[in-house]
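**Student:** Shown below is the structure under consideration.
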Amino acid sequence: IEKVRTNMVKKSKERREIRVKNNEYSHHQPQSATSQSSVRQIPAPFNLFISCLPGLEKLLHHEIVYLQQQWQRVIDEYSIHVQETFQKPKIMAGGVTLTVADTTFLYILHLYLGTASHIYWRFNAATNEADNGVAPLFRARGFPELKRKLKDLIISQNWACWLDLPSPSGKDVGNIPPWKLKVKVTTSKSKLIHTKAVEERVFETF
């Protein structure tokens, strides 16, 4: 336990130092229109689905609760200023759903969970509609409607502030190197049954 707490404190200090260095670096860089403070970012809290192998849901739930308790002890003991309000994780088939208040505990989950297979961050799990009236969970009856609503959602929630999206030409954008966006699609009882076609439309939209 002490080793886990020590590592948590060390990682937290390293992240704070990185943030300070990044802030100092950004002060010397020209700001584009998309990097101004007026840009809308995806608001907290963040909704997660943490998957695991079938039958390990209860063990995963115990792990998450344990990490919450240990991180709370670190916060209290070292007076770390974080906006963290823990909510009880819920067991579901194939994993656990969880809501976190900031990215700090998200990093801790990535570092210390042993039974988790993946940690999915549900960008579109909010219940409120976007600024342009497009609901985060929307219905698409065809590919044109899928592209149009997805584009409106990406722009309204400013997913680029999290994904560092490259330019359509694949060239460098500022200090961001070009990279290949990976899209994975699964469908169930959907009229858009051709997953490869859905992947292509999503990639084109990004």
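Convention: chains lettered A, B, ... in structure tokens order; per-chain residue numbering from 1; ligands numbered from 1 as shown.
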Report as number ranges by chain all protein, DNA and RNA residues lying within 10 Å of A:Gln68, evaluated on only C-alpha atoms, omitting residues in the same chain fewer than 3 positions from it.

**Tutor:** A: 62-65, 71-74, 84-88, 105, 108-109

**Student:** As an mmCIF file with N, CA, C and O atoms, in the first residue's frame, please: the residues near A:Arg141 (cut-off 12 Å, only C-alpha atoms, same-chain neighbours under 4 positions excluded).

**Tutor:**
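Dumped to selection21.cif:
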data_model
loop_
_atom_site.group_PDB
_atom_site.id
_atom_site.type_symbol
_atom_site.label_atom_id
_atom_site.label_comp_id
_atom_site.auth_asym_id
_atom_site.auth_seq_id
_atom_site.Cartn_x
_atom_site.Cartn_y
_atom_site.Cartn_z
ATOM 1 N N GLU A 145 -26.437 11.464 -43.071
ATOM 2 C CA GLU A 145 -26.862 11.971 -41.766
ATOM 3 C C GLU A 145 -25.819 11.678 -40.697
ATOM 4 O O GLU A 145 -25.569 12.509 -39.805
ATOM 5 N N LEU A 146 -25.174 10.508 -40.779
ATOM 6 C CA LEU A 146 -24.112 10.167 -39.834
ATOM 7 C C LEU A 146 -22.968 11.161 -39.923
ATOM 8 O O LEU A 146 -22.495 11.680 -38.898
ATOM 9 N N LYS A 147 -22.506 11.479 -41.130
ATOM 10 C CA LYS A 147 -21.387 12.401 -41.308
ATOM 11 C C LYS A 147 -21.750 13.807 -40.847
ATOM 12 O O LYS A 147 -20.958 14.484 -40.189
ATOM 13 N N ARG A 148 -22.959 14.241 -41.186
ATOM 14 C CA ARG A 148 -23.364 15.603 -40.835
ATOM 15 C C ARG A 148 -23.457 15.788 -39.324
ATOM 16 O O ARG A 148 -22.922 16.753 -38.762
ATOM 17 N N LYS A 149 -24.114 14.859 -38.626
ATOM 18 C CA LYS A 149 -24.288 14.999 -37.183
ATOM 19 C C LYS A 149 -22.972 14.781 -36.433
ATOM 20 O O LYS A 149 -22.706 15.452 -35.427
ATOM 21 N N SER A 190 -28.253 -2.655 -36.516
ATOM 22 C CA SER A 190 -28.193 -1.340 -37.150
ATOM 23 C C SER A 190 -28.414 -1.464 -38.649
ATOM 24 O O SER A 190 -28.015 -2.464 -39.273
ATOM 25 N N LYS A 191 -29.058 -0.451 -39.241
ATOM 26 C CA LYS A 191 -29.217 -0.427 -40.694
ATOM 27 C C LYS A 191 -27.883 -0.143 -41.380
ATOM 28 O O LYS A 191 -27.709 -0.482 -42.548
ATOM 29 N N LEU A 192 -26.959 0.481 -40.642
ATOM 30 C CA LEU A 192 -25.616 0.731 -41.181
ATOM 31 C C LEU A 192 -24.753 -0.479 -40.821
ATOM 32 O O LEU A 192 -23.870 -0.421 -39.974
ATOM 33 N N ILE A 193 -25.030 -1.596 -41.483
ATOM 34 C CA ILE A 193 -24.420 -2.860 -41.076
ATOM 35 C C ILE A 193 -23.002 -3.018 -41.613
ATOM 36 O O ILE A 193 -22.248 -3.856 -41.124
#

**Student:** For the alpha helix (DSSP H) assignment from backbone DSSP, which residues of stretch 59-103 of chain A qualify? Please present them as a PyMOL selection string.

**Tutor:** chain A and resi 59-78+103

**Student:** One decimal, Å: what's the distance from atom CA of A:Ser117 over to atom CA of A:Ser51, could you say?

**Tutor:**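 Interatomic distance, atom CA of A:Ser117 to atom CA of A:Ser51: 5.4 Å.
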